[in-house]
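What follows is the content of start_20.csv, which has CSV, C-alpha atoms:
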```csv
chain,number,residue,atom,x,y,z
A,1,HIS,CA,0.2,5.5,11.6
A,2,SER,CA,0.2,2.2,9.8
A,3,LYS,CA,0.6,0.0,12.8
A,4,ALA,CA,-2.6,1.5,14.3
A,5,PHE,CA,-4.4,0.8,11.0
A,6,ILE,CA,-3.1,-2.7,10.4
A,7,LYS,CA,-4.0,-4.9,13.4
A,8,GLU,CA,-2.4,-8.1,14.4
A,9,GLY,CA,-3.7,-10.9,12.1
A,10,ASP,CA,-4.7,-8.5,9.2
A,11,SER,CA,-3.2,-9.2,5.8
A,12,PHE,CA,-2.2,-6.3,3.6
A,13,LYS,CA,-1.1,-5.2,0.1
A,14,ILE,CA,0.9,-2.1,-0.9
A,15,VAL,CA,0.1,-0.3,-4.2
A,16,LEU,CA,2.4,2.3,-5.7
A,17,LYS,CA,1.3,4.6,-8.5
A,18,ARG,CA,3.9,6.9,-10.0
A,19,ARG,CA,3.4,9.8,-12.4
A,20,LYS,CA,6.1,12.2,-13.5
A,21,HIS,CA,8.6,10.5,-11.1
A,22,GLU,CA,10.1,7.4,-12.6
A,23,LYS,CA,13.2,7.6,-10.4
A,24,ILE,CA,11.5,5.9,-7.5
A,25,GLU,CA,12.1,2.2,-7.7
A,26,ARG,CA,8.7,0.6,-7.1
A,27,ASN,CA,9.9,-2.7,-5.6
A,28,ASN,CA,12.4,-0.9,-3.3
A,29,VAL,CA,9.7,1.3,-1.9
A,30,ILE,CA,7.2,-1.5,-1.4
A,31,GLU,CA,9.8,-3.7,0.2
A,32,ARG,CA,10.9,-1.0,2.6
A,33,ILE,CA,7.4,-0.4,3.8
A,34,ALA,CA,6.5,-4.1,4.0
A,35,ASN,CA,9.6,-4.7,6.2
A,36,LEU,CA,8.1,-2.3,8.8
A,37,LEU,CA,5.1,-4.6,9.3
A,38,ASN,CA,5.0,-8.1,10.7
A,39,ASN,CA,1.7,-8.9,9.0
A,40,LYS,CA,1.0,-11.3,6.1
A,41,VAL,CA,1.1,-10.0,2.6
A,42,ASP,CA,-1.9,-11.0,0.5
A,43,LEU,CA,-1.9,-9.6,-3.1
A,44,GLU,CA,-5.3,-11.2,-4.0
A,45,ASN,CA,-7.6,-10.5,-1.1
A,46,PRO,CA,-6.0,-8.3,1.5
A,47,ASP,CA,-7.7,-7.0,4.7
A,48,LYS,CA,-6.0,-3.7,4.3
A,49,VAL,CA,-4.4,-1.8,1.4
A,50,ILE,CA,-1.7,0.9,1.7
A,51,ARG,CA,-1.9,3.0,-1.5
A,52,LEU,CA,0.9,5.4,-2.4
A,53,GLU,CA,0.3,8.0,-5.1
A,54,VAL,CA,3.4,9.9,-6.3
A,55,LEU,CA,3.0,12.8,-8.6
A,56,GLY,CA,6.2,14.7,-9.3
A,57,ASN,CA,7.5,15.7,-5.9
A,58,PHE,CA,4.3,15.0,-4.0
A,59,CYS,CA,3.2,11.8,-2.4
A,60,GLY,CA,-0.1,10.8,-1.0
A,61,VAL,CA,-0.8,7.8,1.2
A,62,SER,CA,-4.2,6.1,1.7
A,63,PHE,CA,-4.9,3.4,4.2
A,64,LEU,CA,-7.9,1.5,2.9
A,65,GLU,CA,-10.1,-1.2,4.3
A,66,ARG,CA,-11.4,-3.9,2.0
A,67,ASN,CA,-14.9,-2.3,2.2
A,68,ASP,CA,-13.5,1.0,1.1
A,69,ILE,CA,-12.5,-0.4,-2.3
A,70,ILE,CA,-15.1,-0.5,-5.0
A,71,ARG,CA,-13.1,-2.6,-7.4
A,72,ILE,CA,-10.1,-4.3,-6.0
A,73,GLY,CA,-9.0,-5.1,-9.5
A,74,ASN,CA,-8.2,-1.4,-10.0
A,75,LEU,CA,-5.4,-1.6,-7.4
```
Would you put the structure from the file into structure tokens?
Amino acid sequence: HSKAFIKEGDSFKIVLKRRKHEKIERNNVIERIANLLNNKVDLENPDKVIRLEVLGNFCGVSFLERNDIIRIGNL
């Protein structure tokens, strides 16, 4: 659950990658998820990253810590 992962005071960023499913509106999905959290958004140096991967009708979600990311520029 995202609230257990993102603690009070943590900043976050949401990344959405879509393949073979362009009907999903990127900004709409990101906004809806971000609205569930009270934490600060930081697109440059977040404490946590919520990464969504959509491939056709499948969706994967990863909750990443800053140290889990090898190159933050790839997000």
**OP:** Find the spatial neighbours of Asn28 in chain A, counting all atoms listed in the file, within a cut-off of 12 Å - ignore same-chain residues fewer than 6 positions away - and output them as a PyMOL selection string.
**Re:** chain A and resi 14+16+34-35
**OP:** Point out the residue among A:Ala4, A:Gly60, A:Asp68, A:Leu52 with the least atom-to-atom distance to Ile33 in chain A, counting all atoms listed in the file.
**Re:** A:Leu52
Subject >> CA of Phe5 in chain A to CA of Asp42 in chain A, straight-line distance in Å >> reply: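 The value is 16.0 Å.
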Subject >> Atom-to-atom span, CA of Arg19 in chain A and CA of Lys40 in chain A, Å >> reply: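 Value for the CA of Arg19 in chain A-CA of Lys40 in chain A distance: 28.2 Å.
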**OP:** Return the single residue from A:Ile24, A:Leu37, A:Val29, A:Val49 that is closest to Glu8 in chain A, with distances computed using all atoms listed in the file.
**Re:**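 Smallest distance to Glu8 in chain A is found for A:Leu37.
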Original post:
What does the distance between CA of Ile6 in chain A and CA of Ile30 in chain A come to in Å, to one decimal place?
Top reply: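 CA of Ile30 in chain A lies at a distance of 15.7 Å from CA of Ile6 in chain A.
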**OP:** Pick out the closest residue to Leu55 in chain A from this set: A:Lys20, A:Lys13, A:Lys7, A:Arg26. Count only C-alpha atoms.
**Re:**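 Among A:Lys20, A:Lys13, A:Lys7, A:Arg26, it is A:Lys20 that comes nearest to Leu55 in chain A.
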Subject >> Residue nearest Glu53 in chain A among A:Phe12, A:Arg18, A:Glu31, A:Asn39 (counting all atoms listed in the file) >> reply: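 Distance minimum relative to Glu53 in chain A lands on A:Arg18.
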Original post:
Of the candidates A:Asn57, A:Ser62, A:Asn45, A:Asn38, which one gets nearest to Val15 in chain A if we count only C-alpha atoms?
Top reply: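 Ranking A:Asn57, A:Ser62, A:Asn45, A:Asn38 by distance to Val15 in chain A, first place goes to A:Ser62.
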Original post:
Closest to Ile69 in chain A among A:Gly56, A:Ile50, A:Asp10, A:Arg32, using all atoms listed in the file?
Top reply: A:Ile50
